[in-house]
Amino acid sequence: MKLRVLISWAGCFVAGVALAAALTADCKAQSSSSSAPEGNRAVDTSKEPRPRAAQIEAGGAAVTLEDSEPLFDLAAALNACGYDADLNTSAPVRAKVRADMNEALQASEAARSTRDALCAYITKHHANDLGLDVGQYVSLALYLSPPPELEPNVSELDLPPQAAAVVNVLPLLRNFVEAINLHLIWVQHHAEYETLLRRVHDPMTQMILNTNIYLHQPVSSYDGRRFLVLIEPMLSPNLTNARIYGTDYITITSPDNQPDGDPVRMDEIRHIYLHYVIEPMVYSHNSAMERIQPMLRGVQDAPLEFFYKSDVEALLTECLIKAIEARTFVIAAPVPHKPTVIHSRADEEPYETAMAAYNSETALERLRIVSSDERQGWTMTGYFYRVLEQIEKAGEGLRDQIAPMIYGMDVGGEERHARQTIFVKEVPADPLRPSTRQRTLQGMDLAELDLVKGDADAATDLANKEMQAPNGDHGRAQYILARIDLMHGEPEKAQEGFQSTLKLSKDPRTLAWSHIYLGRLYDMMIPPDRARAVAEYKTALEVRDSRPDTRTAAEAGVARPFVPPNRPAQASQKPEEDDKDFDPTGKKEKEQYTPPK
């Protein structure tokens with residue numbers, strides 16, 4: 001069963017009151033299965049089949065926070081196939097689910113076979129970008145019915161291109177889910193998912209409340225449009241996926257393991273919520289867009305995606321959202337507190353001085369944000385920022401003022417401003433349009449790369465820092481240090497390091513390769529301990545990860561003793577044959593010697 005947290009503005013929200021009154025006792029947890037679709041922008045899709053996540057009961061909530069078992073299944077499958085992004089900062093339930101999956105895989109060769117087939121497919125369809133690589137499976141998960149069926153709830157022709165590209169993974173996914181009884185793992189850990197939902201619920205409610213108050217957004221229940229947030233802790237907490245399908249806006253996020261602060265990237269969720277609220281306002285004034293069309297000429301050299309350089313409505317919407325985010329930005333410094341007891345004017349002066357300094361610093365930081373946005377290509381941000389300031393002073397709402405805001409723009413002046421702007425080289429990734437940049441390597445991934453390059457010193461520094469970190473990946477760090485000992489020609493020390501790795505790590509790949517290295521060390525002993533070497537290789541086969549190199553290395557070790565590449569095998573040569581041509585007098589060697597020219 002699944003916890004479904006509802007943020008219902010009809011029955012649970014009264015505009016202008018404190019957060020305590022925002023959610024009442026009528027807002028109860030309900031059981032539900034969720035999946036969701038995607039698209040490019042808000043359009044009329046009344047004739048299109050709606051996936052499950054968009055099928056909402058009449059009078060239900062327009063804004064919901066949920067989890068999804070199909071999404072969990074695909075995210076867990078990615079984890080079983082080497083998706084390790086940001087493990088150290090993920091919620092603890094991710095490590096627990098991975099441990100349970102590893103235990104099920106170690107207990108069954110049949111389960112490992114289904115895992116290997118699944119991972120071979122995922123490897124073949126790998127995208128050279130973390131956001132796109134994960135995003136294609138997230139897109140597919142949003143269309144799936146609950147397990148065990150895990151079938152698309154729309155025609156394959158209606159699937160978005162990302163999801164359609166990997167739809168053939170489903171038979172392999174179903175086999176894997178059944179082989180390791182993934183539904184049981186989901187049930188066992190679902191209470192932790194509910195805890196995470198509750199953790200995200202209040203901050204998200206407060207964010208929506210504050211945003212609606214600023215925009216003077218009227219209270220409404222579900223009227224055919226929906227804003228849905230799905231949490232999935234098996235994904236990286238640093239990666240936010242967002243999809244728009246017709247009039248439904250879906251965000252997929254993952255809580256982190258930090259006890260303080262927002263558990264998810266609330267600023268990105270707010271950004272997508274602003275799209276949900278503002279896009280209908282902008283697109284309802286499309287008759288005004290022809291006069292703003294020249295603005296596209298001014299951003300052709302900006303580092304924006306072609307989508308924004310060719311669609312003035314999309315460009316204007318993003319600039320307006322950036323301006324709202326700048327106008328509502330709050331600096332990290334605490335707000336000065338007004339004294340509760342005031343006897344004279346002098347009692348208020350320190351507070352007024354502190355408040356003036358706070359407001360001044362806030363205003364400067366907001367202007368810096370506007371300048372940064374414009375240099376990225378959002379050149380109308382400054383205009384909207386100034387107009388929003390006037391709207392705030394007049395106490396009016398955005399819905400009533402958006403038409404004068406658009407029609408009142410000095411398009412010629414704004415175009416000249418855009419042409420004079422010096423743009424930066426690149427812009428931050430947009431959750432609605434995943435970046436094509438590769439993920440920056442950090443931590444032990446970076447240490448692995450240093451090791452491959454032969455920079456043992458850099459790898460050692462990173463591994464030692466990881467070992468000292470309270471919540472570091474000590475198992476993988478120890479594994480890297482043991483490999484460095486091998487590079488330095490210290491087999492005894494390396495053997496101790498690999499033995500320690502087996503105690504510290506739960507990662508299948510790290511464990512398997514530690515057993516493989518131990519087997520090789522036993523093969524290279526004088527004399528070799530072949531029985532113990534074979535035992536290590538066989539253990540590696542039992543705990544192996546999904547990658548073919550692990551299996552190949554372990555099976556090769558079982559088949560024949562390991563020989564280092566720079567030491568050719570001479571096992572067939574008898575000891576006495578080594579000396580058959582030996583001449584202690586050196587006469588033959590002297591006769592064959594020719595001095596160099």
# chains A, B, ... in the order shown; residues from 1 in each chain; ligands from 1

$ closest_atom_pairs --of "segment 403-513 of chain A" --to "segment 297-301 of chain A" --cutoff "12 Å" --atoms "only C-alpha atoms" --output "JSON lines"
{"residue": "A:Val411", "atom": "CA", "partner": "A:Gly298", "partner_atom": "CA", "distance": 10.8}
{"residue": "A:Gly412", "atom": "CA", "partner": "A:Gly298", "partner_atom": "CA", "distance": 10.4}
{"residue": "A:Gly413", "atom": "CA", "partner": "A:Gly298", "partner_atom": "CA", "distance": 10.9}
{"residue": "A:Glu414", "atom": "CA", "partner": "A:Gly298", "partner_atom": "CA", "distance": 8.7}
{"residue": "A:Glu415", "atom": "CA", "partner": "A:Gly298", "partner_atom": "CA", "distance": 5.6}
{"residue": "A:Arg416", "atom": "CA", "partner": "A:Gly298", "partner_atom": "CA", "distance": 7.4}
{"residue": "A:His417", "atom": "CA", "partner": "A:Gly298", "partner_atom": "CA", "distance": 8.1}
{"residue": "A:Ala418", "atom": "CA", "partner": "A:Gly298", "partner_atom": "CA", "distance": 4.9}
{"residue": "A:Arg419", "atom": "CA", "partner": "A:Gly298", "partner_atom": "CA", "distance": 5.0}
{"residue": "A:Gln420", "atom": "CA", "partner": "A:Gly298", "partner_atom": "CA", "distance": 8.6}
{"residue": "A:Thr421", "atom": "CA", "partner": "A:Gly298", "partner_atom": "CA", "distance": 8.8}
{"residue": "A:Ile422", "atom": "CA", "partner": "A:Asp301", "partner_atom": "CA", "distance": 9.3}
{"residue": "A:Phe423", "atom": "CA", "partner": "A:Asp301", "partner_atom": "CA", "distance": 7.6}
{"residue": "A:Val424", "atom": "CA", "partner": "A:Asp301", "partner_atom": "CA", "distance": 9.9}
{"residue": "A:Lys425", "atom": "CA", "partner": "A:Asp301", "partner_atom": "CA", "distance": 9.8}
{"residue": "A:Glu426", "atom": "CA", "partner": "A:Asp301", "partner_atom": "CA", "distance": 11.1}

$ residues_around --residues "segment 329-337 of chain A" --least-positions-apart "2" --cutoff "8 Å" --atoms "only C-alpha atoms" --output "list in words"
Glu325, Ala326, Arg327, Pro339, Tyr351, Ala354, Met355, Tyr358, Glu361, Thr362, Glu365 and Arg366 of chain A

$ residues_around --residues "segment 78-81 of chain A" --least-positions-apart "4" --cutoff "12 Å" --atoms "only C-alpha atoms" --output "JSON, numbers by chain"
{"A": [71, 72, 73, 74, 85, 86, 87, 94, 95, 96, 97, 98, 99, 100, 101, 102, 103, 104, 105, 111, 112, 114, 115, 116, 117, 118, 119, 120, 121, 122, 123, 124, 126, 130, 133, 134, 135, 136, 137, 138, 169, 173, 176, 177, 180, 182, 233, 234, 235, 236, 507, 508, 509, 544, 545, 546, 547, 548]}

$ write_last_selection --atoms "C-alpha atoms" --output "mmCIF file, in the first residue's frame"
data_model
loop_
_atom_site.group_PDB
_atom_site.id
_atom_site.type_symbol
_atom_site.label_atom_id
_atom_site.label_comp_id
_atom_site.auth_asym_id
_atom_site.auth_seq_id
_atom_site.Cartn_x
_atom_site.Cartn_y
_atom_site.Cartn_z
ATOM 1 C CA LEU A 71 9.007 4.235 -10.281
ATOM 2 C CA PHE A 72 10.577 2.416 -7.323
ATOM 3 C CA ASP A 73 10.945 -0.765 -9.411
ATOM 4 C CA LEU A 74 12.799 0.968 -12.232
ATOM 5 C CA ALA A 85 25.158 8.512 -8.089
ATOM 6 C CA ASP A 86 25.349 10.409 -4.774
ATOM 7 C CA LEU A 87 24.956 7.375 -2.519
ATOM 8 C CA ARG A 94 18.390 3.605 -0.411
ATOM 9 C CA ALA A 95 21.287 1.676 1.127
ATOM 10 C CA LYS A 96 18.866 -0.655 2.922
ATOM 11 C CA VAL A 97 16.980 -1.507 -0.275
ATOM 12 C CA ARG A 98 20.254 -2.099 -2.111
ATOM 13 C CA ALA A 99 21.419 -4.417 0.688
ATOM 14 C CA ASP A 100 18.166 -6.396 0.518
ATOM 15 C CA MET A 101 18.453 -6.716 -3.247
ATOM 16 C CA ASN A 102 22.074 -7.858 -2.960
ATOM 17 C CA GLU A 103 21.093 -10.481 -0.402
ATOM 18 C CA ALA A 104 18.368 -11.824 -2.708
ATOM 19 C CA LEU A 105 20.785 -11.881 -5.651
ATOM 20 C CA ALA A 111 17.979 -14.085 -9.862
ATOM 21 C CA ARG A 112 21.497 -13.093 -10.888
ATOM 22 C CA THR A 114 17.665 -12.055 -14.647
ATOM 23 C CA ARG A 115 19.687 -9.172 -13.243
ATOM 24 C CA ASP A 116 22.468 -9.701 -15.799
ATOM 25 C CA ALA A 117 20.006 -9.720 -18.710
ATOM 26 C CA LEU A 118 18.345 -6.548 -17.419
ATOM 27 C CA CYS A 119 21.665 -4.786 -16.920
ATOM 28 C CA ALA A 120 22.928 -5.801 -20.348
ATOM 29 C CA TYR A 121 19.911 -3.980 -21.820
ATOM 30 C CA ILE A 122 20.508 -0.900 -19.630
ATOM 31 C CA THR A 123 24.181 -0.831 -20.606
ATOM 32 C CA LYS A 124 23.309 -1.069 -24.294
ATOM 33 C CA HIS A 126 23.236 4.020 -21.895
ATOM 34 C CA LEU A 130 23.354 11.245 -16.079
ATOM 35 C CA ASP A 133 20.320 8.284 -18.805
ATOM 36 C CA VAL A 134 18.066 8.184 -15.755
ATOM 37 C CA GLY A 135 15.389 10.372 -17.315
ATOM 38 C CA GLN A 136 14.437 7.885 -20.015
ATOM 39 C CA TYR A 137 13.550 5.250 -17.405
ATOM 40 C CA VAL A 138 11.790 7.818 -15.192
ATOM 41 C CA VAL A 169 13.148 -3.257 -20.992
ATOM 42 C CA LEU A 173 12.243 -5.764 -15.584
ATOM 43 C CA PHE A 176 13.944 -9.261 -12.290
ATOM 44 C CA VAL A 177 11.163 -7.938 -10.030
ATOM 45 C CA ILE A 180 14.119 -11.085 -6.202
ATOM 46 C CA LEU A 182 10.998 -6.750 -5.197
ATOM 47 C CA PRO A 233 14.956 8.037 -2.663
ATOM 48 C CA MET A 234 16.556 5.366 -4.891
ATOM 49 C CA LEU A 235 17.556 8.223 -7.232
ATOM 50 C CA SER A 236 20.202 10.891 -6.665
ATOM 51 C CA ASP A 507 28.634 -3.087 -2.641
ATOM 52 C CA PRO A 508 28.578 -6.201 -4.917
ATOM 53 C CA ARG A 509 31.174 -4.861 -7.350
ATOM 54 C CA ARG A 544 29.240 -10.275 -8.403
ATOM 55 C CA ASP A 545 27.618 -7.154 -9.758
ATOM 56 C CA SER A 546 25.872 -6.981 -13.125
ATOM 57 C CA ARG A 547 28.871 -5.996 -15.235
ATOM 58 C CA PRO A 548 30.428 -8.529 -17.608
#

$ closest_residue --among "A:Gln495, A:Asn153, A:Thr381, A:Ser68" --to "Lys322 of chain A" --atoms "only C-alpha atoms"
A:Thr381

$ residues_around --residues "Glu279 of chain A" --least-positions-apart "5" --cutoff "10 Å" --atoms "only C-alpha atoms" --output "PyMOL selection string"
chain A and resi 41-42+274+284+313-314+316-318+321

$ residues_around --residues "Ala458 of chain A" --least-positions-apart "4" --cutoff "8 Å" --atoms "only C-alpha atoms" --output "short mmCIF file (atom, residue, chain, number, x, y, z; two decimals) with N, CA, C and O atoms, in the first residue's frame"
data_model
loop_
_atom_site.label_atom_id
_atom_site.label_comp_id
_atom_site.auth_asym_id
_atom_site.auth_seq_id
_atom_site.Cartn_x
_atom_site.Cartn_y
_atom_site.Cartn_z
N ALA A 447 38.65 9.21 -7.55
CA ALA A 447 39.82 8.41 -7.15
C ALA A 447 40.04 7.25 -8.12
O ALA A 447 41.19 6.93 -8.48
N ASP A 450 41.65 8.66 -11.16
CA ASP A 450 43.07 8.92 -10.90
C ASP A 450 43.88 7.63 -10.95
O ASP A 450 45.01 7.60 -11.45
N LEU A 462 42.47 11.15 -1.89
CA LEU A 462 41.01 11.10 -1.89
C LEU A 462 40.49 9.94 -1.04
O LEU A 462 39.52 10.08 -0.29
#

$ closest_residue --among "A:Leu481, A:Ala165, A:Leu215, A:Ala429" --to "Asp400 of chain A" --atoms "only C-alpha atoms"
A:Leu215

$ select_by_dssp --residues "segment 106-354 of chain A" --states "helix (DSSP H, G or I)" --output "ChimeraX atom specification"
/A:106,109-124,130-141,156-158,161-165,167-179,182-215,266-283,286-299,306-310,312-327,345-354

$ decode --residues "segment 309-391 of chain A" --atoms "C-alpha atoms" --output "PDB file, in the first residue's frame"
ATOM      1  CA  LYS A 309      15.581  30.961 -28.890  1.00  0.00           C
ATOM      2  CA  SER A 310      12.701  29.982 -31.171  1.00  0.00           C
ATOM      3  CA  ASP A 311       9.629  30.325 -28.903  1.00  0.00           C
ATOM      4  CA  VAL A 312       9.074  33.828 -27.549  1.00  0.00           C
ATOM      5  CA  GLU A 313       6.277  32.643 -25.233  1.00  0.00           C
ATOM      6  CA  ALA A 314       8.629  30.152 -23.572  1.00  0.00           C
ATOM      7  CA  LEU A 315      11.368  32.807 -23.317  1.00  0.00           C
ATOM      8  CA  LEU A 316       8.988  35.358 -21.789  1.00  0.00           C
ATOM      9  CA  THR A 317       7.582  32.814 -19.317  1.00  0.00           C
ATOM     10  CA  GLU A 318      11.026  31.826 -18.096  1.00  0.00           C
ATOM     11  CA  CYS A 319      12.099  35.474 -17.728  1.00  0.00           C
ATOM     12  CA  LEU A 320       8.957  36.259 -15.714  1.00  0.00           C
ATOM     13  CA  ILE A 321       9.557  33.251 -13.447  1.00  0.00           C
ATOM     14  CA  LYS A 322      13.191  34.302 -12.941  1.00  0.00           C
ATOM     15  CA  ALA A 323      11.984  37.788 -11.965  1.00  0.00           C
ATOM     16  CA  ILE A 324       9.505  36.376  -9.421  1.00  0.00           C
ATOM     17  CA  GLU A 325      12.260  34.213  -7.926  1.00  0.00           C
ATOM     18  CA  ALA A 326      14.506  37.277  -7.638  1.00  0.00           C
ATOM     19  CA  ARG A 327      11.767  39.413  -6.087  1.00  0.00           C
ATOM     20  CA  THR A 328      11.047  36.761  -3.443  1.00  0.00           C
ATOM     21  CA  PHE A 329      14.676  35.856  -2.709  1.00  0.00           C
ATOM     22  CA  VAL A 330      15.589  36.044   0.986  1.00  0.00           C
ATOM     23  CA  ILE A 331      19.186  36.251   2.186  1.00  0.00           C
ATOM     24  CA  ALA A 332      20.500  33.702   4.672  1.00  0.00           C
ATOM     25  CA  ALA A 333      20.999  36.256   7.472  1.00  0.00           C
ATOM     26  CA  PRO A 334      18.283  36.204  10.176  1.00  0.00           C
ATOM     27  CA  VAL A 335      15.638  38.932  10.072  1.00  0.00           C
ATOM     28  CA  PRO A 336      16.159  41.489  12.881  1.00  0.00           C
ATOM     29  CA  HIS A 337      13.593  41.188  15.678  1.00  0.00           C
ATOM     30  CA  LYS A 338      11.632  44.227  16.750  1.00  0.00           C
ATOM     31  CA  PRO A 339      11.841  44.843  20.516  1.00  0.00           C
ATOM     32  CA  THR A 340       8.683  43.825  22.356  1.00  0.00           C
ATOM     33  CA  VAL A 341       8.997  46.599  24.968  1.00  0.00           C
ATOM     34  CA  ILE A 342       9.551  50.155  23.730  1.00  0.00           C
ATOM     35  CA  HIS A 343       9.873  52.994  26.250  1.00  0.00           C
ATOM     36  CA  SER A 344      11.235  55.661  23.967  1.00  0.00           C
ATOM     37  CA  ARG A 345      12.269  56.400  20.398  1.00  0.00           C
ATOM     38  CA  ALA A 346      15.833  55.366  21.266  1.00  0.00           C
ATOM     39  CA  ASP A 347      14.663  51.798  21.931  1.00  0.00           C
ATOM     40  CA  GLU A 348      13.613  51.435  18.270  1.00  0.00           C
ATOM     41  CA  GLU A 349      16.705  52.926  16.644  1.00  0.00           C
ATOM     42  CA  PRO A 350      18.940  49.784  16.824  1.00  0.00           C
ATOM     43  CA  TYR A 351      16.170  47.701  15.286  1.00  0.00           C
ATOM     44  CA  GLU A 352      15.544  50.217  12.490  1.00  0.00           C
ATOM     45  CA  THR A 353      19.266  50.433  11.723  1.00  0.00           C
ATOM     46  CA  ALA A 354      19.582  46.630  11.590  1.00  0.00           C
ATOM     47  CA  MET A 355      16.433  46.353   9.464  1.00  0.00           C
ATOM     48  CA  ALA A 356      17.699  48.971   7.013  1.00  0.00           C
ATOM     49  CA  ALA A 357      20.978  47.084   6.637  1.00  0.00           C
ATOM     50  CA  TYR A 358      19.082  43.803   6.146  1.00  0.00           C
ATOM     51  CA  ASN A 359      16.831  45.294   3.468  1.00  0.00           C
ATOM     52  CA  SER A 360      19.777  46.905   1.714  1.00  0.00           C
ATOM     53  CA  GLU A 361      21.714  43.632   1.588  1.00  0.00           C
ATOM     54  CA  THR A 362      18.620  41.793   0.336  1.00  0.00           C
ATOM     55  CA  ALA A 363      18.037  44.372  -2.416  1.00  0.00           C
ATOM     56  CA  LEU A 364      21.665  44.176  -3.573  1.00  0.00           C
ATOM     57  CA  GLU A 365      21.583  40.385  -3.696  1.00  0.00           C
ATOM     58  CA  ARG A 366      18.341  40.411  -5.670  1.00  0.00           C
ATOM     59  CA  LEU A 367      19.872  42.782  -8.225  1.00  0.00           C
ATOM     60  CA  ARG A 368      22.892  40.474  -8.512  1.00  0.00           C
ATOM     61  CA  ILE A 369      20.535  37.589  -9.276  1.00  0.00           C
ATOM     62  CA  VAL A 370      18.798  39.631 -11.984  1.00  0.00           C
ATOM     63  CA  SER A 371      22.139  40.561 -13.545  1.00  0.00           C
ATOM     64  CA  SER A 372      23.265  36.940 -13.508  1.00  0.00           C
ATOM     65  CA  ASP A 373      19.993  35.780 -15.101  1.00  0.00           C
ATOM     66  CA  GLU A 374      20.240  38.354 -17.882  1.00  0.00           C
ATOM     67  CA  ARG A 375      23.825  37.387 -18.675  1.00  0.00           C
ATOM     68  CA  GLN A 376      22.621  33.801 -19.082  1.00  0.00           C
ATOM     69  CA  GLY A 377      20.150  34.961 -21.745  1.00  0.00           C
ATOM     70  CA  TRP A 378      16.982  35.712 -19.757  1.00  0.00           C
ATOM     71  CA  THR A 379      17.174  39.327 -20.887  1.00  0.00           C
ATOM     72  CA  MET A 380      13.611  40.389 -19.956  1.00  0.00           C
ATOM     73  CA  THR A 381      14.158  39.506 -16.276  1.00  0.00           C
ATOM     74  CA  GLY A 382      15.111  43.067 -15.321  1.00  0.00           C
ATOM     75  CA  TYR A 383      11.987  44.512 -16.927  1.00  0.00           C
ATOM     76  CA  PHE A 384       9.670  42.099 -15.144  1.00  0.00           C
ATOM     77  CA  TYR A 385      11.577  42.612 -11.876  1.00  0.00           C
ATOM     78  CA  ARG A 386      10.855  46.367 -11.983  1.00  0.00           C
ATOM     79  CA  VAL A 387       7.192  45.887 -12.933  1.00  0.00           C
ATOM     80  CA  LEU A 388       6.679  43.308 -10.162  1.00  0.00           C
ATOM     81  CA  GLU A 389       8.016  45.830  -7.643  1.00  0.00           C
ATOM     82  CA  GLN A 390       5.335  48.298  -8.749  1.00  0.00           C
ATOM     83  CA  ILE A 391       2.640  45.593  -8.557  1.00  0.00           C
TER      84      ILE A 391
END
